[in-house]
Structures are given as C-alpha cells and as structure tokens.
Amino acid sequence: MKTKHSMDSIFIDIFVYIGVGLFTLICFLPFLYVFTYSITPYAEYLKQPMNFLPREINFEAYIAVFQYKLIRTGFYNTFFITIVGTIMHLFLLVCTAYPMTKDYLKGRNFLMTLFIITMFFGGGMIPNYYLIRKLHMINTLWSLIIPGVLSTYSLILMKNFINEIPDSLEEAAVIDGANEIKVLTHIILPLSVPALATLALFYAVGQWNSFFSATIYVTKRTLWPLQLVLRELVVENNNSMNEVQRSMSAEEQGAVLPFTIRMATIMASMLPIMCVYPFLQKYFMKGLFLGSVKG
Amino acid sequence: MFKTLKTTIVMIICISMIGSLFAGCASKKEPETVLNNSKTTKSEPLKIKMVNRVSAGYVLEENPVIKRIEELANVKLEIELPPRDTYNDRVNVIAASGDLPDLLYIFDTTNQYPKFANDKLLIPLDEYIGKYPNILANVPKNYLDQARLSTTGKIHSIPRPHTAEYFGAVIRQDWLDRLNLKVPETSEDFLKVLTAFSTQDPDGNGKQDTFGWTLHPGAALVETLLTSAFGIRGNFIPDKNGKVATMEMQPEFLEMLDFYRKLYVEKALDPEWYVNQGNSDSDKFGKGKIGLLSKYVRAHQPYESGSDAIKTAFPGAKFTFMLPLKNKEGKRNVYGVPPTWGAWAITSSAKNPEGIMKFMDWGFSKEGMELNMVGIEGVTFDSFDMKTGIMKSTPEKTKTYKTYVNNAMSFITAIGGVPIVNPGRTPEEQKTYFEDNERYKKEVSYTLHPHINVLAEAVQVTKDNPDLQTKMYSQITKYIVGETKKEDLVQFMDKDWKPVYKKVDEAMQKYYDANLKGK
C-alpha cells in the first residue's frame, strides 16, 4: 500500500513538472524570440524567421531605436509618471485605508460605498476630458497620474490587510504614548510592507504600460509616455484597403519599421520594469494572498 | 464719525456705478489674430491652431522649417500632432469637447468628414475657394467635387492632392528566370506562373515551401491586377451601352471570383491568405515565401524599406514590376478615384477663415510646396528640381530632412498625381521611380472617376446596412477557399446584396447621365 501511494505521487509529480515546464516555456519562448530578433540583422530574420537563438549578433536595431528623440523623452516621462505615481499611490492608499479600518470613524460605511460606486460607474471619456481640462491639467504629466492615483481595488485590499493586524499591537503602542501618526508609521507601515510592495508593483506595472490616457489628455509629443511612442513605432495600421485608403497606402506602408527594430523597441521598453521585479519578488509572493486568507 | 463713514461708502458705490457705465461704452479691443492689411507695414502674425496626423519620427520643437513657414506666411502656428494610430479617436474627443482647432486635418474622410460637416463643425468653403489662385490651380475640380457632401451640397474641406499610386505587382524575376517563364500579361499566364512558383521549387532550395501569391481578406480582394484582366469597370465608368454599375453588380465580378477560386484550387495561393493582416504580404514576400506581391509602382526598387535586406538575405534576388493584366482585348484598364490623402478643413471655431484660407493658399504656392516637402536649402537638402522631382542631399542633411520635414505637413504632395518629390534615397533611385511611372502611364489606361460617396444613396445604404459589406467579403472568402459553393454565393448576392445596391446603381446612372456623359 505504501509503495502504491508513493508511485502515485511520483506520477503526479511528473505530470505537474511537465505541465509547469510547458507553461514556463510558453511564457518564456515569446520573450526569447523577441530578444533574439532584436539583436539579429534584418536580413538574417528574412532568411530564418523562426530562430530562438541568434546566429549573428548586432545592435543596429537598438541604435536605430535610440535615435528617435521620442524614445528618450518617452523614457523620461514614463519614469516620472511611474515613480511619482507609485509614491503618490502608496501615500494616498495608506492615508485612506488606515482610517477606514477604524470603527469609530463617522461616515466610514458611507465613504466606502462612494468608493465602491466608482469601481462600477464612471463618467466616460468626454466628461473625464472636460474635468481634466477644467483642472488645467491638459498637456501635463499630472493628467496621467492624478486621475487614477487611488484605485478602489487596492484600497479594499489594503484595508483588509490592515484589518488583519492584531489590535493588541496598536493598543500596546498607544499605552506607551504613541499617537495615531506614530502608530501608523511605527507599527502599521512596517507590518504592511508585503502588501505595499505588491500593490506598488501592480500600480507601477500599470503605469509603465499605460498609454491611452496620453492620447486624450496630452497633445505635445514630448510628453508622450514610452508605451505610446512604442505603439506609434511598432503597431502597424491594419490596412483595410478600401478605395480611398489604397491611395494613401503608400504613405502608410512606408511608415512601418522593419521587424527587428520593432523587436528592439519592445525590449527597450520592457527591460526597466523587469529589472525592478526581482527586488520585489519576495514580497510579491507573500502579497499574492492579500486579504484572501484570514488568520 | 459713523455718519461720515456711511457717506464715504455711499460716495464710493456711486462713483463705481457711474464708472461701470463708461466702461460699457468703451470700444471693443481688436483681437490680436486679425490679419490687418490697413495701416501697419507688417501686420501681426495670424495665430493658427492646427491638428495634423504625422508619423512619430517628425520633431516639432525647434523646427527650422516651421519657423521659416511662420516667417514667410506671417503666421504663428500652434500645432498638435496626436498619435497616428489613435488619431481618429483624438479628433472625436476634440469634436465632442468643443475644443476645435482652426485648421483640422481629416484623415477619415469616409465617416468623420460627413459627420462633422453635418454637425456644422466644419464651415463650407465654396465662397472662399474661388478667391485663391494657388488652390484653384493645384486642386482640380474633380478632386474638389469629391469633397462635396451629398447632404449639404457644399465643399467643407480641401482634399490633399496625393500621388497617383499606380498599382500593379512586384514579381521575383530570378524565380521566373530559373523556371524559364516570363512576366505574366494575361490571366492564363498569371495562373501558370503562380502555380509554377508554388510547385516547382523556384528558389532552388530543394523544398516545396513557396507559393505564388498571397492576398488580404476583405476589400483588398479587389486587386487591380485582376479587375483589369476581367474588364471590371470602376464606378461611373460606362460599358458599351452607356450603362454604369458598381463592381459587384457587373457580371465580370463573378468571373473574377471564379478565377480566385481556381488559383486557390491549383495551389497558386498561399493557403493562409485569409488570416493575413497589416503587412503580412510584404513580410512573406521579404522572407521569400511568395513570388508576387501586389504593390504600387515603386515597391521593387532598392529604396523601399527592407529591399536591401532582401537582397542580402537572398543574394541573386531580382525584382520586376508587373503591370496590371491585359483583358480579352489586350488592353490594361485601371480605374481609381482622384488620389487624395485626407483633407484640410476649417472649423467653426476659426475666428478668421479668410486668413486661414490665405495661409492654405500660400501652402499651395511653389514656395509653400517646396518648403513643406523638401525644407530649407542648405539645411535639409542641397538641391531640388521641382520639374523632375529629384532632390540631392548629403547623408547629414538627409538625417535633418527626416527629422524636420514630413510630407504629412504639406497641403499638397503631388500635382496631377505626380509626386512633388520622387521617392528614393538617391537621385538615381528617384530617376528610376520617375521612369517607372512614365512606363505605367504609357502602357496602362488609368481613368479617374468620382468617389461613390458623391451619391447620397450610397452613403445612406452604407449607414443602413453597416454589416453588409463585411458579409459580402466573408461569403467571397468562403467561396474562394471552398467552404461554400458558388450557388450559395450567388444566392447571397441575389437575395441580400443586389436588392440593396440596385438603388445605388440607379442613382449612379442618373448622376452619370446628368454630369459625366459625353465628357
């Protein structure tokens, strides 16, 4: 009986490893493909379009990418909105979530209801545009940060996480003479690091990848975030080739960059955020179960 | 003391009230943007806010060409360049929010243009056009008629005259040489050559990994190569009896589809053609997977992006431009609408439409065209001959040219379909383009006809039946790949298509009889 049980678990382990291995390959191979062709000459790509390891290496695609002035300004803008946005996000998150955990806060439930309503209903693109315009934020990087700086979803997760922290810790601190701010900064924040790291990473990745708001709120090209620049350089127009567009097609076709330059553009925009991830990974694993398991 | 204070307050109020009366009578301050031709020797520059669609490589900041334009035209330009890919979305937001610029480039002339004009966001230009000689000289009447809305009867934009892109195909000459074949001229030759490309290992690598041709699904099925071969006429083009009809209503249309089916059955077509998107066809041609690529005249020349790489990847690769196929009478007939690339409109927010029209007219002048298309001599180019369209510049100046000049900033890119600046990296390449164009014009009968949207009925039919065209192309695709029979396709056309488009054909006949017959 004992042997049968271990044989079963061996088989299960084998299946699990194969499954996970395949899934890893599925995730990793496209990345490898993009990397390979970002350092491969275009002529080599035409000869061998399905290699996962480069046969010939050169960096002409990267040189071509970084010659675009918009790539440089795009990096700066994206770094700004990601770093500043994340700091503001965390600050507001903590300042909002912590008071919401206090039973004695008057109107707490009403406020929470208002927050939740925003998760389901929004004004739409045009009313949002009017709002941003009225606040004189058009053509500023703040229009890409402030509108979504506090996410209700993150707020709920953070609130639940803080609720899990035993009250006795706070009470002990209060007895020792700590005020609310000291309790927040010396007790709550240190214990919330996994949650904060996870939410910071989610938000930062979201900000790094955002581009649509910029198409609406930003008219100066030097304020375009990196993903918008990337989109302009990489995404092809899907020519429907109707009668009128056929006459334009030469101009539209001429704007498409060679494949290898597009791959280099993708790599250049992915690398910075991927460099941040290893430092936050240990928190990320803990934070995955944020608010989901009690005790 | 209190009494004195009360009196003082009353006095102040009275003086303020009297003062406000006089303020109301003061003369209105003249707006800064009025282009004043009266007493001052140099008037204030006209401030123009414009929105345009330009590629990402173009730099607006510290742009010497823009500065020169402002000096010469006496304007101050505030230019917004939204992303190309979401340009239409941005224009929709601008229109909906009321934040209209003075001058707006309309890219989507099919949907946005009539909508904005009908919503009175774009002013009619009929009363202005006649006053501006450069616009009249360089925008032919049939181009302007294309911008005339059937709903208002007025012209609400100036189309940007563009290069007549003579469509044909690029074929692998080295494959033809290896298989002892010639460039096809008729549909029979075409089938033979494409089938050979698919079955006889034209690249000599020992594998059967090539195909003759690939297509794009949808509207791109209407290939100039084959419409010429089967004698399919353009809209408003009459047959021998003076009858006009839309393409799908002509009997030759089904014959052409039968030929597509034959190409597919004979394996002359790439079997994955119906999932092609974007530039898949160019990509496959570049990888040496297909032997023929439907393109405009310049595609096979080395200056087309990637062509040098193709020759490096496949040494010995040679390309020939193939003209549209001959019909039964041995002629090549191609039809098209006046070639334009979007249109320029003055919005209802513009305070000085006359001033903006003057600026546009300057843009259509020789000085304006040259500045917009080639930039500044000594800065972005060394020499330019407008007659031949050949531009010479050093590599450094070419770099500057690519940064500060973009033909999307010009009001006009071609005169009579001939580009102001020939495409090509070197004068030799530009000369080759010119010669190819001339050959095309000599051997192909290229006839312009009005755009179908001059008919209110056509616009209405598209509005009322938004999915019909998609269904049609879906039926065609299924027939070509053999998923449905010809009877099903014919039934769809008889039951769904023809009853709807009969109205369009009738309207087209009336329009032709009234405006085009005998001309």
# chains A, B, ... in the order shown; residues from 1 in each chain; ligands from 1

$ interface_residues --of "chain B" --to "chain A" --cutoff "8 Å" --atoms "only C-alpha atoms" --output "ChimeraX atom specification"
/B:55-57,59,80-86,90,93,96-97,162-165,218-220,277-279,286-288,296,304-306,309-314,336-337,339-341

$ residues_around --residues "Gln112 in chain B" --least-positions-apart "3" --cutoff "10 Å" --atoms "only C-alpha atoms" --output "number ranges by chain"
B: 88, 91-92, 95, 106-109, 115-118

$ write_last_selection --atoms "all heavy atoms" --output "CSV table (one decimal), in the first residue's frame"
chain,number,residue,atom,x,y,z
B,88,ASN,N,-8.0,59.3,-35.1
B,88,ASN,CA,-9.4,59.5,-35.2
B,88,ASN,C,-10.1,59.6,-33.9
B,88,ASN,O,-11.0,60.3,-33.7
B,88,ASN,CB,-10.0,58.3,-36.0
B,88,ASN,CG,-9.6,58.4,-37.5
B,88,ASN,OD1,-9.1,59.4,-38.0
B,88,ASN,ND2,-9.7,57.2,-38.2
B,91,VAL,N,-9.5,63.0,-32.6
B,91,VAL,CA,-10.3,64.0,-33.3
B,91,VAL,C,-11.8,64.0,-32.8
B,91,VAL,O,-12.4,65.0,-32.7
B,91,VAL,CB,-10.2,63.8,-34.8
B,91,VAL,CG1,-11.2,64.6,-35.6
B,91,VAL,CG2,-8.8,64.2,-35.3
B,92,ASN,N,-12.2,62.8,-32.5
B,92,ASN,CA,-13.6,62.6,-32.0
B,92,ASN,C,-13.7,63.3,-30.6
B,92,ASN,O,-14.7,64.0,-30.3
B,92,ASN,CB,-13.9,61.1,-31.8
B,92,ASN,CG,-14.4,60.5,-33.1
B,92,ASN,OD1,-14.8,61.2,-34.0
B,92,ASN,ND2,-14.2,59.2,-33.2
B,95,ALA,N,-13.7,67.0,-31.2
B,95,ALA,CA,-15.0,67.5,-31.7
B,95,ALA,C,-16.1,67.5,-30.6
B,95,ALA,O,-16.9,68.4,-30.5
B,95,ALA,CB,-15.4,66.6,-32.9
B,106,ILE,N,-8.5,66.1,-41.7
B,106,ILE,CA,-9.4,65.0,-41.6
B,106,ILE,C,-8.8,63.7,-42.3
B,106,ILE,O,-8.6,63.8,-43.5
B,106,ILE,CB,-10.8,65.3,-42.2
B,106,ILE,CG1,-11.3,66.6,-41.8
B,106,ILE,CG2,-11.8,64.2,-42.0
B,106,ILE,CD1,-12.3,66.6,-40.7
B,107,PHE,N,-8.5,62.7,-41.5
B,107,PHE,CA,-8.0,61.5,-42.1
B,107,PHE,C,-9.1,60.6,-42.6
B,107,PHE,O,-9.1,60.0,-43.6
B,107,PHE,CB,-7.1,60.8,-41.1
B,107,PHE,CG,-6.5,59.5,-41.6
B,107,PHE,CD1,-5.7,59.5,-42.7
B,107,PHE,CD2,-6.8,58.3,-40.9
B,107,PHE,CE1,-5.2,58.3,-43.1
B,107,PHE,CE2,-6.2,57.1,-41.3
B,107,PHE,CZ,-5.4,57.1,-42.4
B,108,ASP,N,-10.1,60.5,-41.7
B,108,ASP,CA,-11.2,59.6,-42.0
B,108,ASP,C,-12.3,60.4,-42.8
B,108,ASP,O,-13.3,60.9,-42.3
B,108,ASP,CB,-11.9,59.1,-40.7
B,108,ASP,CG,-13.0,58.1,-41.0
B,108,ASP,OD1,-13.3,57.8,-42.1
B,108,ASP,OD2,-13.6,57.6,-40.0
B,109,THR,N,-12.0,60.5,-44.1
B,109,THR,CA,-12.9,61.3,-45.0
B,109,THR,C,-14.2,60.5,-45.2
B,109,THR,O,-15.2,61.2,-45.7
B,109,THR,CB,-12.2,61.6,-46.3
B,109,THR,OG1,-11.7,60.4,-46.8
B,109,THR,CG2,-11.1,62.6,-46.1
B,115,LYS,N,-19.8,63.4,-41.0
B,115,LYS,CA,-20.4,63.6,-39.7
B,115,LYS,C,-20.2,65.0,-39.2
B,115,LYS,O,-21.1,65.7,-38.8
B,115,LYS,CB,-19.9,62.6,-38.8
B,115,LYS,CG,-20.7,62.6,-37.4
B,115,LYS,CD,-20.2,61.5,-36.5
B,115,LYS,CE,-20.9,61.6,-35.2
B,115,LYS,NZ,-21.1,62.9,-34.6
B,116,PHE,N,-18.9,65.4,-39.2
B,116,PHE,CA,-18.5,66.7,-38.7
B,116,PHE,C,-19.2,67.9,-39.5
B,116,PHE,O,-19.6,68.9,-39.0
B,116,PHE,CB,-17.0,66.9,-38.7
B,116,PHE,CG,-16.3,66.1,-37.7
B,116,PHE,CD1,-14.9,65.9,-37.8
B,116,PHE,CD2,-17.0,65.4,-36.7
B,116,PHE,CE1,-14.2,65.1,-36.9
B,116,PHE,CE2,-16.3,64.6,-35.8
B,116,PHE,CZ,-14.9,64.5,-35.9
B,117,ALA,N,-19.2,67.7,-40.8
B,117,ALA,CA,-19.8,68.7,-41.7
B,117,ALA,C,-21.3,68.8,-41.4
B,117,ALA,O,-21.8,69.9,-41.3
B,117,ALA,CB,-19.5,68.4,-43.1
B,118,ASN,N,-22.0,67.7,-41.3
B,118,ASN,CA,-23.4,67.7,-41.0
B,118,ASN,C,-23.7,68.3,-39.6
B,118,ASN,O,-24.8,68.9,-39.4
B,118,ASN,CB,-24.0,66.3,-41.1
B,118,ASN,CG,-24.1,65.9,-42.6
B,118,ASN,OD1,-24.2,66.7,-43.5
B,118,ASN,ND2,-23.9,64.6,-42.8

$ residues_around --residues "Ser143 in chain A" --least-positions-apart "5" --cutoff "7 Å" --atoms "only C-alpha atoms" --output "MDAnalysis selection string"
chainID A and resid 132 137:138 217

$ atom_distance --atom1 "CA of Glu44 in chain B" --atom2 "CA of Glu71 in chain B"
11.2 Å

$ closest_residue --among "A:Leu93, A:Ala64, A:Ile87, A:Met270" --to "Trp208 in chain A" --atoms "only C-alpha atoms"
A:Met270

$ atom_distance --atom1 "CA of Met50 in chain B" --atom2 "CA of Ile79 in chain B"
5.0 Å

$ select_by_dssp --residues "range 25-267 of chain A" --states "helix (DSSP H, G or I)" --output "JSON, numbers by chain"
{"A": [25, 26, 27, 28, 29, 30, 31, 32, 33, 34, 35, 36, 37, 38, 42, 43, 44, 45, 46, 47, 60, 61, 62, 63, 64, 65, 66, 69, 70, 71, 72, 73, 74, 75, 76, 77, 78, 79, 80, 81, 82, 83, 84, 85, 86, 87, 88, 89, 90, 91, 92, 93, 94, 95, 96, 97, 98, 99, 100, 108, 109, 110, 111, 112, 113, 114, 115, 116, 117, 118, 119, 120, 125, 126, 127, 128, 129, 130, 131, 132, 133, 134, 141, 142, 143, 144, 146, 147, 148, 152, 153, 154, 155, 156, 157, 158, 159, 160, 161, 162, 163, 164, 167, 168, 169, 170, 171, 172, 173, 174, 175, 180, 181, 182, 183, 184, 185, 186, 187, 188, 189, 190, 191, 193, 194, 195, 196, 197, 198, 199, 200, 201, 202, 203, 204, 205, 206, 207, 208, 209, 212, 213, 214, 215, 216, 217, 221, 222, 223, 226, 227, 228, 229, 230, 231, 232, 233, 234, 243, 244, 245, 246, 247, 248, 249, 250, 251, 252, 253, 254, 259, 260, 261, 262, 263, 264, 265, 266, 267]}

$ closest_residue --among "B:Gly291, B:Gly242, B:Pro450, B:Gly375" --to "Ser198 in chain B" --atoms "only C-alpha atoms"
B:Gly291

$ closest_residue --among "B:Ala317, B:Ile390, B:Leu226, B:Val405" --to "Gln173 in chain B" --atoms "only C-alpha atoms"
B:Ala317

$ atom_distance --atom1 "CA of Val183 in chain B" --atom2 "CA of Thr320 in chain B"
8.1 Å

$ residues_around --residues "range 271-281 of chain A" --least-positions-apart "6" --cutoff "12 Å" --atoms "only C-alpha atoms" --output "count of residues only"
30
